[in-house]
Each structure stands twice: as C-alpha cells, then as structure tokens.
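Structure file coords-v9.tsv with TSV, C-alpha atoms and all ligand atoms:
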chain	number	residue	atom	x	y	z
A	1	MET	CA	-17.70	-26.43	42.89
A	2	ALA	CA	-20.42	-25.82	40.34
A	3	THR	CA	-23.96	-25.53	41.59
A	4	VAL	CA	-26.86	-26.81	39.53
A	5	ARG	CA	-30.38	-25.75	40.15
A	6	PHE	CA	-33.56	-25.81	38.05
A	7	LEU	CA	-35.56	-22.77	37.07
A	8	SER	CA	-39.28	-23.04	37.41
A	9	ALA	CA	-41.35	-22.29	34.29
A	10	GLY	CA	-42.12	-18.64	35.05
A	11	GLU	CA	-38.83	-17.62	36.62
A	12	PRO	CA	-36.73	-15.14	34.64
A	13	ARG	CA	-33.56	-16.70	33.26
A	14	ARG	CA	-31.18	-14.18	34.68
A	15	CYS	CA	-28.55	-14.84	37.26
A	16	GLN	CA	-28.38	-12.25	40.01
A	17	GLN	CA	-24.85	-13.12	41.03
A	18	ARG	CA	-23.16	-11.91	37.84
A	19	VAL	CA	-21.61	-15.30	37.12
A	20	LEU	CA	-21.54	-17.36	33.97
A	21	VAL	CA	-24.93	-18.78	33.06
A	22	ARG	CA	-25.21	-21.46	30.41
A	23	PHE	CA	-28.42	-22.87	29.00
A	24	ARG	CA	-28.67	-26.32	27.60
A	25	ARG	CA	-30.04	-25.70	24.13
A	26	GLU	CA	-31.16	-29.15	23.05
A	27	THR	CA	-33.32	-29.75	26.09
A	28	THR	CA	-36.93	-30.77	25.62
A	29	MET	CA	-37.68	-30.43	29.29
A	30	PRO	CA	-40.11	-27.76	30.42
A	31	MET	CA	-37.62	-26.81	33.11
A	32	PHE	CA	-34.31	-25.19	32.14
A	33	PRO	CA	-31.30	-26.64	33.88
A	34	VAL	CA	-28.98	-23.75	34.68
A	35	LEU	CA	-25.40	-24.03	35.63
A	36	ILE	CA	-24.24	-21.32	37.96
A	37	ALA	CA	-20.51	-21.41	38.28
A	38	GLY	CA	-17.53	-19.15	38.17
A	39	GLY	CA	-16.64	-20.08	34.62
A	40	HIS	CA	-16.46	-23.86	35.27
A	41	ARG	CA	-17.67	-26.37	32.73
A	42	HIS	CA	-20.15	-29.02	33.76
A	43	ALA	CA	-20.33	-32.55	32.44
A	44	HIS	CA	-23.99	-32.14	31.41
A	45	HIS	CA	-23.40	-28.81	29.73
A	46	PRO	CA	-20.41	-29.22	27.50
A	47	GLU	CA	-18.78	-26.20	25.92
A	48	PRO	CA	-20.53	-25.42	22.62
A	49	ALA	CA	-18.52	-26.00	19.45
A	50	ARG	CA	-16.06	-23.13	18.97
A	51	ALA	CA	-16.76	-20.65	16.24
A	52	PRO	CA	-14.39	-20.98	13.26
A	53	ARG	CA	-11.35	-18.73	13.27
A	54	ARG	CA	-12.17	-15.30	11.99
A	55	HIS	CA	-9.08	-15.29	9.82
A	56	PRO	CA	-8.59	-18.81	8.44
A	57	GLY	CA	-5.84	-17.58	6.13
A	58	ALA	CA	-4.11	-15.74	8.95
A	59	ARG	CA	-2.10	-18.80	9.84
A	60	ALA	CA	0.06	-18.13	6.80
A	61	CYS	CA	0.63	-14.55	7.87
A	62	PRO	CA	3.84	-14.21	9.89
A	63	VAL	CA	2.43	-11.33	11.88
A	64	ARG	CA	-0.34	-13.40	13.43
A	65	ARG	CA	1.69	-16.49	14.10
A	66	GLY	CA	2.32	-15.39	17.64
A	67	ARG	CA	4.69	-13.01	19.28
A	68	GLY	CA	8.45	-13.48	19.24
A	69	GLY	CA	10.23	-16.68	18.35
A	70	ALA	CA	13.24	-17.23	16.15
A	71	ALA	CA	11.31	-19.41	13.68
A	72	ARG	CA	8.79	-16.68	13.07
A	73	ARG	CA	11.47	-14.09	12.50
A	74	THR	CA	13.41	-16.29	10.11
A	75	ALA	CA	10.41	-17.23	7.97
A	76	SER	CA	8.95	-13.77	7.75
A	77	ARG	CA	12.29	-12.12	7.10
A	78	ARG	CA	12.96	-14.48	4.24
A	79	ALA	CA	9.58	-13.49	2.82
A	80	SER	CA	10.17	-9.78	3.23
A	81	GLY	CA	13.83	-9.85	2.21
A	82	ARG	CA	13.01	-8.44	-1.20
A	83	LEU	CA	10.94	-5.70	0.36
A	84	ASP	CA	13.85	-4.80	2.65
A	85	GLU	CA	16.06	-4.47	-0.41
A	86	ALA	CA	13.50	-2.30	-2.16
A	87	GLY	CA	13.41	0.01	0.86
A	88	ARG	CA	17.22	0.22	0.94
A	89	GLU	CA	17.41	1.19	-2.72
A	90	ARG	CA	14.71	3.82	-2.34
A	91	GLY	CA	15.61	7.32	-1.16
A	92	CYS	CA	13.60	9.36	1.30
A	93	PRO	CA	10.07	9.82	-0.13
A	94	ARG	CA	9.90	13.36	1.25
A	95	CYS	CA	13.26	14.97	0.46
A	96	GLY	CA	14.90	12.33	-1.75
A	97	GLY	CA	17.91	12.15	0.59
A	98	LEU	CA	19.99	8.96	0.58
A	99	ASP	CA	21.53	9.46	4.04
A	100	ARG	CA	19.48	7.07	6.13
A	101	GLN	CA	19.56	4.76	9.12
A	102	ARG	CA	17.77	1.54	9.95
A	103	TRP	CA	14.75	2.23	12.14
A	104	GLY	CA	13.29	-1.06	13.37
A	105	ARG	CA	10.78	-3.19	11.52
A	106	THR	CA	7.17	-2.44	10.64
A	107	ARG	CA	4.25	-4.41	12.07
A	108	THR	CA	4.29	-6.56	8.96
A	109	ASP	CA	7.99	-7.27	9.50
A	110	VAL	CA	9.59	-5.16	6.79
A	111	GLN	CA	12.76	-3.13	7.47
A	112	ARG	CA	11.94	0.49	8.18
A	113	TYR	CA	14.44	3.28	7.31
A	114	ARG	CA	14.65	6.82	8.61
A	115	CYS	CA	15.95	9.81	6.71
A	116	LYS	CA	18.76	11.52	8.63
A	117	GLY	CA	17.92	14.82	6.95
A	118	CYS	CA	14.21	15.26	7.59
A	119	GLY	CA	13.30	12.39	9.92
A	120	ARG	CA	10.75	10.79	7.59
A	121	THR	CA	10.53	7.00	7.85
A	122	TRP	CA	9.74	4.56	5.05
A	123	SER	CA	9.92	0.91	4.05
A	124	GLY	CA	10.00	-1.07	0.81
A	125	LEU	CA	6.21	-0.87	0.67
A	126	THR	CA	5.97	2.91	0.92
A	127	GLY	CA	4.44	4.37	-2.21
A	128	THR	CA	3.35	0.99	-3.63
A	129	ALA	CA	-0.18	-0.37	-3.95
A	130	VAL	CA	0.53	-2.74	-1.04
A	131	GLU	CA	1.26	0.14	1.33
A	132	ARG	CA	-0.56	-0.01	4.68
A	133	ILE	CA	-1.97	-3.50	4.05
A	134	HIS	CA	-1.37	-5.61	7.12
A	135	LEU	CA	-2.91	-8.89	5.94
A	136	ARG	CA	-0.47	-9.30	3.10
A	137	GLY	CA	-1.14	-13.01	2.66
A	138	GLN	CA	-4.84	-12.46	2.13
A	139	PHE	CA	-4.17	-9.52	-0.16
A	140	LEU	CA	-2.00	-11.69	-2.40
A	141	ASP	CA	-4.72	-14.36	-2.36
A	142	THR	CA	-7.10	-11.65	-3.59
A	143	LEU	CA	-4.70	-10.82	-6.40
A	144	LYS	CA	-4.38	-14.51	-7.33
A	145	ASP	CA	-8.16	-14.84	-7.40
A	146	MET	CA	-8.51	-11.72	-9.55
A	147	MET	CA	-5.92	-12.92	-12.04
A	148	GLY	CA	-7.25	-16.49	-12.08
A	149	ASP	CA	-9.69	-18.18	-14.43
A	150	ALA	CA	-12.87	-17.48	-12.50
A	151	PRO	CA	-12.67	-14.41	-10.26
A	152	ARG	CA	-15.20	-14.43	-7.46
A	153	SER	CA	-17.49	-11.67	-6.29
A	154	CYS	CA	-16.27	-9.60	-3.35
A	155	ARG	CA	-18.67	-11.28	-0.93
A	156	LYS	CA	-17.61	-14.81	-1.85
A	157	LEU	CA	-13.95	-13.91	-1.84
A	158	ALA	CA	-14.22	-12.14	1.52
A	159	LYS	CA	-15.94	-15.17	3.01
A	160	ALA	CA	-13.24	-17.50	1.75
A	161	LEU	CA	-10.45	-15.25	3.08
A	162	GLY	CA	-12.14	-14.48	6.38
A	163	VAL	CA	-12.07	-10.72	5.89
A	164	SER	CA	-14.82	-8.16	5.61
A	165	ARG	CA	-16.35	-7.64	2.17
A	166	HIS	CA	-15.47	-3.97	2.46
A	167	THR	CA	-11.82	-4.95	2.87
A	168	ALA	CA	-12.02	-7.23	-0.18
A	169	TRP	CA	-13.57	-4.36	-2.12
A	170	ARG	CA	-10.86	-1.89	-1.09
A	171	TRP	CA	-8.16	-4.36	-2.10
A	172	ARG	CA	-9.86	-4.95	-5.44
A	173	MET	CA	-9.91	-1.23	-6.11
A	174	ARG	CA	-6.18	-1.05	-5.31
A	175	VAL	CA	-5.43	-3.80	-7.81
A	176	LEU	CA	-7.64	-2.14	-10.46
A	177	ALA	CA	-5.82	1.17	-9.93
A	178	SER	CA	-2.48	-0.54	-10.53
A	179	LEU	CA	-3.56	-2.09	-13.86
A	180	PRO	CA	-2.02	-0.62	-17.01
A	181	GLY	CA	-3.91	2.12	-18.77
A	182	ASP	CA	-5.69	1.80	-22.08
A	183	SER	CA	-3.17	3.38	-24.40
A	184	ARG	CA	-0.50	0.69	-24.31
A	185	GLU	CA	-0.96	-1.26	-27.54
A	186	ILE	CA	-1.69	-0.08	-31.05
A	187	LEU	CA	-3.76	-2.48	-33.11
A	188	GLY	CA	-2.78	-3.19	-36.69
A	189	GLY	CA	-3.69	-5.25	-39.76
A	190	LEU	CA	-7.31	-6.37	-39.89
A	191	VAL	CA	-9.14	-4.63	-37.05
A	192	GLU	CA	-12.64	-5.64	-36.03
A	193	ALA	CA	-14.74	-3.05	-34.20
A	194	ASP	CA	-18.14	-3.41	-32.62
A	195	GLU	CA	-19.93	-2.01	-29.61
A	196	THR	CA	-21.57	-3.88	-26.78
A	197	PHE	CA	-23.94	-2.54	-24.15
A	198	GLN	CA	-24.21	-2.72	-20.42
A	199	ARG	CA	-27.06	-1.45	-18.32
A	200	GLU	CA	-26.21	1.58	-16.27
A	201	SER	CA	-25.53	0.87	-12.60
A	202	ARG	CA	-25.24	3.55	-9.95
A	203	LYS	CA	-24.06	1.21	-7.22
A	204	GLY	CA	-22.20	3.11	-4.52
A	205	SER	CA	-23.58	6.44	-5.70
A	206	ARG	CA	-24.40	9.06	-3.06
A	207	GLU	CA	-26.64	11.11	-5.37
A	208	TRP	CA	-29.91	10.25	-3.58
A	209	VAL	CA	-28.38	11.00	-0.19
A	210	ARG	CA	-27.18	14.38	-1.45
A	211	HIS	CA	-30.56	15.09	-3.03
A	212	LEU	CA	-32.50	14.29	0.12
A	213	ARG	CA	-30.16	16.42	2.21
A	214	ALA	CA	-30.25	19.47	-0.05
A	215	PRO	CA	-32.89	19.18	-2.82
A	216	GLN	CA	-32.35	22.78	-3.95
A	217	ILE	CA	-28.67	22.20	-4.69
A	218	HIS	CA	-28.81	18.59	-5.91
A	219	PRO	CA	-31.73	17.74	-8.23
A	220	ALA	CA	-33.24	14.26	-8.17
A	221	PRO	CA	-31.19	11.82	-10.28
A	222	PRO	CA	-32.81	10.70	-13.52
A	223	ARG	CA	-34.47	7.28	-13.50
A	224	LEU	CA	-37.29	5.41	-15.20
A	225	ARG	CA	-40.70	6.82	-14.18
A	226	TRP	CA	-43.89	4.80	-14.27
A	227	GLN	CA	-45.18	6.78	-17.24
A	228	ASP	CA	-42.12	5.71	-19.27
A	229	TYR	CA	-43.37	2.13	-19.29
A	230	GLY	CA	-45.94	1.19	-21.87
A	231	ARG	CA	-47.81	-2.11	-21.94
A	232	LYS	CA	-44.86	-3.82	-23.59
A	233	GLY	CA	-42.25	-2.42	-21.23
A	234	PRO	CA	-40.31	0.80	-21.59
A	235	PRO	CA	-39.86	2.21	-25.09
A	236	GLN	CA	-36.53	1.50	-26.80
A	237	ALA	CA	-35.55	5.16	-26.67
A	238	VAL	CA	-35.86	5.12	-22.86
A	239	VAL	CA	-34.00	1.83	-22.51
A	240	ARG	CA	-31.17	3.14	-24.65
A	241	GLN	CA	-30.66	6.10	-22.32
A	242	TYR	CA	-29.63	3.65	-19.61
A	243	GLN	CA	-27.43	1.42	-21.77
A	244	MET	CA	-23.74	2.22	-21.48
A	245	PRO	CA	-21.81	1.43	-24.68
A	246	LEU	CA	-18.40	-0.23	-24.66
A	247	LEU	CA	-16.38	-0.30	-27.88
A	248	GLY	CA	-14.66	-3.63	-28.45
A	249	ILE	CA	-11.74	-3.71	-30.89
A	250	ALA	CA	-9.60	-6.69	-31.78
A	251	ASP	CA	-6.96	-7.45	-34.36
A	252	ARG	CA	-5.73	-10.81	-35.59
A	253	GLU	CA	-2.51	-10.66	-33.51
A	254	GLY	CA	-4.47	-11.11	-30.28
A	255	ARG	CA	-4.43	-7.44	-29.28
A	256	THR	CA	-7.76	-6.29	-27.88
A	257	ALA	CA	-9.31	-3.34	-26.08
A	258	LEU	CA	-12.64	-2.60	-24.45
A	259	LEU	CA	-13.24	1.12	-24.27
A	260	ARG	CA	-16.00	2.94	-22.47
A	261	MET	CA	-17.83	5.53	-24.57
A	262	PRO	CA	-20.39	8.20	-23.58
A	263	ASP	CA	-22.64	7.22	-26.53
A	264	THR	CA	-22.52	5.52	-29.93
A	265	LYS	CA	-22.41	8.68	-32.04
A	266	GLN	CA	-19.70	9.01	-34.65
A	267	PRO	CA	-17.48	11.51	-32.74
A	268	SER	CA	-17.49	9.29	-29.63
A	269	ILE	CA	-16.52	6.15	-31.56
A	270	GLU	CA	-13.90	8.12	-33.47
A	271	ALA	CA	-12.36	9.51	-30.25
A	272	ALA	CA	-12.17	6.01	-28.75
A	273	LEU	CA	-11.08	4.11	-31.86
A	274	LEU	CA	-8.55	6.20	-33.78
A	275	PRO	CA	-5.89	6.63	-31.03
A	276	ARG	CA	-5.77	2.84	-30.62
A	277	ILE	CA	-5.23	1.76	-34.24
A	278	ALA	CA	-2.39	2.16	-36.72
A	279	PRO	CA	-3.01	4.61	-39.61
A	280	ASP	CA	-2.98	1.81	-42.23
A	281	VAL	CA	-5.40	-0.72	-40.72
A	282	PHE	CA	-8.25	-2.37	-42.56
A	283	LEU	CA	-11.41	-1.84	-40.55
A	284	LEU	CA	-14.21	-4.41	-40.32
A	285	SER	CA	-17.51	-3.58	-38.67
A	286	ASP	CA	-21.18	-4.48	-38.62
A	287	GLY	CA	-23.90	-2.52	-40.37
A	288	ALA	CA	-23.61	0.61	-38.19
A	289	PRO	CA	-23.00	3.53	-40.58
A	290	GLN	CA	-20.67	5.41	-38.18
A	291	TYR	CA	-17.74	3.08	-38.90
A	292	GLY	CA	-17.91	3.62	-42.66
A	293	ALA	CA	-17.87	7.38	-42.16
A	294	ILE	CA	-14.93	7.17	-39.74
A	295	ALA	CA	-12.94	4.96	-42.15
A	296	LYS	CA	-13.64	7.30	-45.04
A	297	ALA	CA	-12.58	10.38	-43.09
A	298	ALA	CA	-9.39	8.71	-41.81
A	299	GLY	CA	-8.56	7.09	-45.16
A	300	LEU	CA	-8.76	3.51	-43.86
A	301	GLY	CA	-9.71	0.40	-45.80
A	302	TYR	CA	-13.19	-0.67	-44.77
A	303	TRP	CA	-15.59	-3.56	-45.19
A	304	MET	CA	-19.08	-3.73	-43.75
A	305	LEU	CA	-20.28	-7.15	-42.60
A	306	VAL	CA	-23.99	-7.25	-41.98
A	307	ALA	CA	-24.97	-10.46	-40.23
A	308	GLY	CA	-26.41	-13.02	-42.67
A	309	ARG	CA	-25.60	-10.90	-45.71
A	310	ARG	CA	-22.16	-12.08	-46.72
A	311	SER	CA	-21.85	-11.81	-50.45
A	312	ARG	CA	-19.82	-14.15	-52.65
A	313	ILE	CA	-17.09	-11.56	-52.95
A	314	THR	CA	-16.62	-11.21	-49.18
A	315	PRO	CA	-13.20	-12.73	-48.42
A	316	ALA	CA	-13.32	-15.57	-45.91
A	317	THR	CA	-10.90	-13.75	-43.58
A	318	TYR	CA	-13.32	-10.86	-43.20
A	319	HIS	CA	-15.44	-11.64	-40.17
A	320	LEU	CA	-16.30	-10.28	-36.75
A	321	ASN	CA	-15.74	-13.49	-34.81
A	322	THR	CA	-12.76	-12.17	-32.84
A	323	VAL	CA	-14.55	-9.14	-31.48
A	324	ASN	CA	-17.73	-11.13	-30.90
A	325	GLY	CA	-15.63	-13.58	-28.87
A	326	LEU	CA	-14.28	-10.64	-26.88
A	327	HIS	CA	-17.81	-9.48	-26.10
A	328	ALA	CA	-18.83	-13.00	-25.09
A	329	ARG	CA	-15.81	-13.24	-22.76
A	330	TRP	CA	-16.72	-9.88	-21.24
A	331	LYS	CA	-20.29	-11.01	-20.58
A	332	THR	CA	-19.12	-14.22	-18.91
A	333	PHE	CA	-16.51	-12.35	-16.91
A	334	ARG	CA	-18.86	-9.74	-15.50
A	335	ARG	CA	-21.60	-12.22	-14.50
A	336	PRO	CA	-20.41	-12.88	-10.89
A	337	PHE	CA	-20.34	-9.14	-10.20
A	338	CYS	CA	-24.06	-8.64	-10.95
A	339	GLY	CA	-23.48	-5.54	-13.07
A	340	PRO	CA	-20.39	-3.50	-12.10
A	341	ALA	CA	-21.08	0.15	-11.29
A	342	THR	CA	-20.81	2.29	-14.40
A	343	LYS	CA	-18.09	4.43	-12.83
A	344	ASN	CA	-15.95	1.27	-12.48
A	345	LEU	CA	-16.71	-0.26	-15.90
A	346	ASP	CA	-13.45	0.95	-17.36
A	347	GLY	CA	-11.43	-0.65	-14.57
A	348	TYR	CA	-13.32	-3.94	-14.90
A	349	ALA	CA	-12.72	-4.00	-18.66
A	350	ARG	CA	-8.98	-3.44	-18.10
A	351	TRP	CA	-9.02	-6.14	-15.43
A	352	MET	CA	-10.53	-8.68	-17.81
A	353	LEU	CA	-7.83	-8.02	-20.39
A	354	ALA	CA	-5.01	-7.94	-17.80
A	355	ARG	CA	-5.91	-11.49	-16.75
A	356	ALA	CA	-4.31	-12.72	-19.96
A	357	GLU	CA	-0.93	-11.59	-18.57
A	358	GLY	CA	-1.27	-13.72	-15.46
A	359	TYR	CA	-0.44	-13.26	-11.80
A	360	LEU	CA	3.27	-12.42	-11.80
A	361	PRO	CA	3.25	-9.25	-13.94
A	362	ALA	CA	0.33	-7.98	-11.84
A	363	PHE	CA	2.30	-8.74	-8.67
A	364	ARG	CA	5.40	-6.91	-9.93
A	365	ARG	CA	3.29	-3.93	-10.92
A	366	LEU	CA	1.84	-3.74	-7.42
A	367	LEU	CA	5.28	-3.57	-5.88
A	368	GLY	CA	6.58	-1.23	-8.58
A	401	ZN	ZN	14.12	13.07	4.03

Do you think you could lay out the structure here as structure tokens?
Ligand SMILES: [Zn+2]
Amino acid sequence: MATVRFLSAGEPRRCQQRVLVRFRRETTMPMFPVLIAGGHRHAHHPEPARAPRRHPGARACPVRRGRGGAARRTASRRASGRLDEAGRERGCPRCGGLDRQRWGRTRTDVQRYRCKGCGRTWSGLTGTAVERIHLRGQFLDTLKDMMGDAPRSCRKLAKALGVSRHTAWRWRMRVLASLPGDSREILGGLVEADETFQRESRKGSREWVRHLRAPQIHPAPPRLRWQDYGRKGPPQAVVRQYQMPLLGIADREGRTALLRMPDTKQPSIEAALLPRIAPDVFLLSDGAPQYGAIAKAAGLGYWMLVAGRRSRITPATYHLNTVNGLHARWKTFRRPFCGPATKNLDGYARWMLARAEGYLPAFRRLLG
C-alpha cells in the first residue's frame, strides 16, 4: 500500500529508503506531496505522459517488430528475398570460391552464406553501400529524402527519422560516395560555361585541433585577420581568397555538370572544361577572357556574351540562361545545408545533379 506524507518546507527531497519518489510538478502548494511506494502509482500522482518512441520509423523495420513470430518472418523475408538472391549469386568475397553453405540469417534478416574453402561469411549486402546498416527502413527514407524535391538538413532529417544526426550524416556520406562520378556525359552542340562562387567552409576540419596540439608541426590555418578588414569590410582580394569557384557547364540537350576548381585561372578552367565537352562544340561564355583563350587554343567556335551588351548580330539562341538556371538551382539546393564544407562540395554538386534521375536508379546503385 502506498504511503503519502508531506515534506516540510526545509526538508531535503530525498527518500532514504531507496524507493520510487515522485513529485507532483503542477502543485502550487508550499508543501511537496511525496509518494513513497515500491513503484506503485497513486491516484493523485498520475504517471507523466510517456516520452515519444525514440525510433518512430522503427515500426516499419522487421527487426524491431518483436522477437519471433511467423508473421514477422514472412514479411521480412519477402522484403529481403532479393538480397538473399544477391548473396547466393555472389561468390566468397575473400577467395572468390563458389562452394558455400547457408549459415543462418543476419540480424537484419538476410540470408548469410559461408565459404566452405576459407570460412568467410557474407550476405547479399556485403560489399554494398548498405552494408552494416541495421536500420534499413530509415536508411531508405534518407535516400528518398535526398532524391526528393526538397532535401532536408541532417538535423531535420534525423529528427524526423528518430536517429542521431551523426547517423544521418554517415548515411548521407554513404549515398554521396555511391553517386556516379563526374566523367559520365560528354556535352555537345551549344555549350554554355560560367563559374559560380561559394564561400570556403572548413566544417569538420581538425586543423585547429592539430595546431593547438603541435604548433611546431602544424602551422595555424589561414583566416581573415582584423587588419584585413578596412572600413568598408575586407578588400575584394582577401574575399576572393576564400571564395571557392565551381564551373557550371550546360548544353541544350539537358546535360549539365558542376565542377569544383582550385581557382579561376585559365589552366584550371581548361582542365575542368575540356575533358567534359566534345571537340566540335560551340562555346558560349560571359566576358571572362579565359574562355576565349581556351576556345582559340582548342579550335572551338566561341561567342562572348557580356550582360546587357547583346549586339544586333548576336543570334537569339546564344544566351547563358541554361547555365544561369543551373547556378540558381544550385544556390536554392544548398540553402538548407548552411554552406556545405568545401571538402564535400564536389559530392553535393553531384548529388544535386543525380536528383534528376530519381530514387530508383540511386537505390539500385546502392545495392550494386
Ligand atoms: Zn572463401
């Protein structure tokens, strides 16, 4: 039977008997009614509202649906049937041997195989980007979000999925690593080229930690100093040091690319641009003189379009609207991420372009 007693104002609110002590939060009384009971509830002190489930999406995950049960096994096996097949078709990842035996199921309910030659075990997920991910349902939700119209930041996504933001970040990096590389499409016909800029971000960098640990080995990283700022803000030359250029190229067939460059000098643009375009393209650019020089050296047709200075002889099809649209899409896309780290810019640019393909090709690539 629960015992109720009242604490006087100065008495410490600690129970000496090591039993459950509950305080009534909404009380306005100067005395604190305390329930001392062996875990019993009391009518005047109802159980506080339960915290929401830590993994709201976990209900869909067969692993967390409870232990055992024929229904669970049937549903999850149907879902992982394709993965079982993939594992069966695959040889041993260590020795390549095809002599194998079934070896139980993994924690995420995928058939595990064991090589009879060397004893190595594997499943259909071994060697794919989904390897060692236990919350497969949430991971696929992450992929859907990334390939959708408005990808969310890691924090928002993690909150919606009920996982840690570090987990959401790791998953995002796995998806980015599985995206196709840059050199997949060659642009042809009329090609528009222009660069856009992004402020440098050293998010996730350990350079200050290394510097503070061993200043003799690791010098202080460069950054804006107070003397670099004049009355009207930092000089343009200083600002430009911290602007990372991205070369946007687009043709009229819908092929596009956003390529990270170390700077906007002619050799850098040339190294980024020429491997991505056919040898007979007609190049359109803004007033930057580098493009004219590149076109001349490579023997390409070239037309310079300086904003507001279209002459009467400029054909109507010569414009930079396609590449400007690409830059605008990039700026809208990157907004939720509050400036991606410079080291990841390339991956983010590929991600933006891969969204045009949609969810399914990205999914197949992950399991490839
Ligand atoms: Zn083997």

Considering all atoms listed in the file, can you say which of A:Leu176, A:Gly347, A:Phe337, A:Thr126 comes closest to Pro151 of chain A? A:Phe337

What lies within 8 Å of Gln266 of chain A using only C-alpha atoms, ignoring chain neighbours under 6 positions off, as a PyMOL selection string? chain A and resi 290-291+293-294

Can I get the selection written as a compact mmCIF listing (two decimals), in the frame of the given file, with C-alpha atoms?
# COMPACT_ATOMS: atom_id res chain seq x y z
CA GLN A 290 -20.67 5.41 -38.18
CA TYR A 291 -17.74 3.08 -38.90
CA ALA A 293 -17.87 7.38 -42.16
CA ILE A 294 -14.93 7.17 -39.74

Given all atoms listed in the file, how would the per-residue table for chain A near ligand ZN 401 (chain A) read, listing every residue at most 10 Å away with its closest atom pair and distance in Å to one decimal, sorted by chain and number, as a tab-separated table?
residue	atom	partner	partner_atom	distance
A:Gly91	CA	A:ZN401	ZN	7.9
A:Cys92	CA	A:ZN401	ZN	4.6
A:Pro93	CA	A:ZN401	ZN	6.7
A:Arg94	CA	A:ZN401	ZN	5.1
A:Cys95	CA	A:ZN401	ZN	4.1
A:Gly96	CA	A:ZN401	ZN	5.9
A:Gly97	CA	A:ZN401	ZN	5.2
A:Leu98	CA	A:ZN401	ZN	8.0
A:Asp99	CA	A:ZN401	ZN	8.2
A:Arg100	CA	A:ZN401	ZN	8.3
A:Arg114	CA	A:ZN401	ZN	7.8
A:Cys115	CA	A:ZN401	ZN	4.6
A:Lys116	CA	A:ZN401	ZN	6.7
A:Gly117	CA	A:ZN401	ZN	5.1
A:Cys118	CA	A:ZN401	ZN	4.2
A:Gly119	CA	A:ZN401	ZN	6.0
A:Arg120	CA	A:ZN401	ZN	5.4
A:Thr121	CA	A:ZN401	ZN	8.0
A:Trp122	CA	A:ZN401	ZN	9.6

From the list A:Tyr318, A:Phe197, A:Tyr359, A:Trp303, the nearest residue to Gly339 of chain A using only C-alpha atoms is A:Phe197

So for segment 348-353 of chain A, what box centre and size do we get, axis-aligned, 8 Å extra on each of the six sides, every listed atom, Å to one decimal, as lines of an AutoDock Vina configuration file?
center_x = -10.6
center_y = -6.1
center_z = -17.6
size_x = 21.5
size_y = 21.2
size_z = 21.5

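Between Ser205 of chain A and the residues A:Asp145, A:Pro221, A:Arg155, A:Glu192, the shortest atom-to-atom distance, using only C-alpha atoms, involves A:Pro221.
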
List the spatial neighbours of Ala86 of chain A as JSON, numbers by chain - criterion: any atom at most 12 Å away, only C-alpha atoms, same-chain residues fewer than 3 positions off excluded. {"A": [80, 81, 82, 83, 89, 90, 91, 110, 111, 112, 113, 122, 123, 124, 125, 126, 127, 128, 367, 368]}

Preceding selection exported with C-alpha atoms as a compact mmCIF listing (two decimals), keeping the file's coordinate frame:
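In the end it all went to again_27.txt:
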# COMPACT_ATOMS: atom_id res chain seq x y z
CA SER A 80 10.17 -9.78 3.23
CA GLY A 81 13.83 -9.85 2.21
CA ARG A 82 13.01 -8.44 -1.20
CA LEU A 83 10.94 -5.70 0.36
CA GLU A 89 17.41 1.19 -2.72
CA ARG A 90 14.71 3.82 -2.34
CA GLY A 91 15.61 7.32 -1.16
CA VAL A 110 9.59 -5.16 6.79
CA GLN A 111 12.76 -3.13 7.47
CA ARG A 112 11.94 0.49 8.18
CA TYR A 113 14.44 3.28 7.31
CA TRP A 122 9.74 4.56 5.05
CA SER A 123 9.92 0.91 4.05
CA GLY A 124 10.00 -1.07 0.81
CA LEU A 125 6.21 -0.87 0.67
CA THR A 126 5.97 2.91 0.92
CA GLY A 127 4.44 4.37 -2.21
CA THR A 128 3.35 0.99 -3.63
CA LEU A 367 5.28 -3.57 -5.88
CA GLY A 368 6.58 -1.23 -8.58

Distance atom CA of Met147 of chain A-atom CA of Ala341 of chain A, one decimal place? 20.0 Å

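Between atom CA of Pro180 of chain A and atom CA of Tyr348 of chain A there is a distance of 12.0 Å.
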
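If all atoms listed in the file are the atoms counted, then among A:Ala177, A:Leu345, A:Arg276, A:Ala220 the closest residue to Arg260 of chain A is A:Leu345.
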
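If all atoms listed in the file are the atoms counted, then among A:Arg350, A:Arg329, A:Arg365, A:His134 the closest residue to Asp149 of chain A is A:Arg329.
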
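Across A:Cys154, A:Leu179, A:Ala271, A:Met261, the tightest approach to Leu366 of chain A is made by A:Leu179 when counting all atoms listed in the file.
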
Name the residues in contact with Thr264 of chain A at a cut-off of 7 Å, using only C-alpha atoms, excluding same-chain residues fewer than 3 positions from it; report them as a PyMOL selection string. chain A and resi 245+268-269
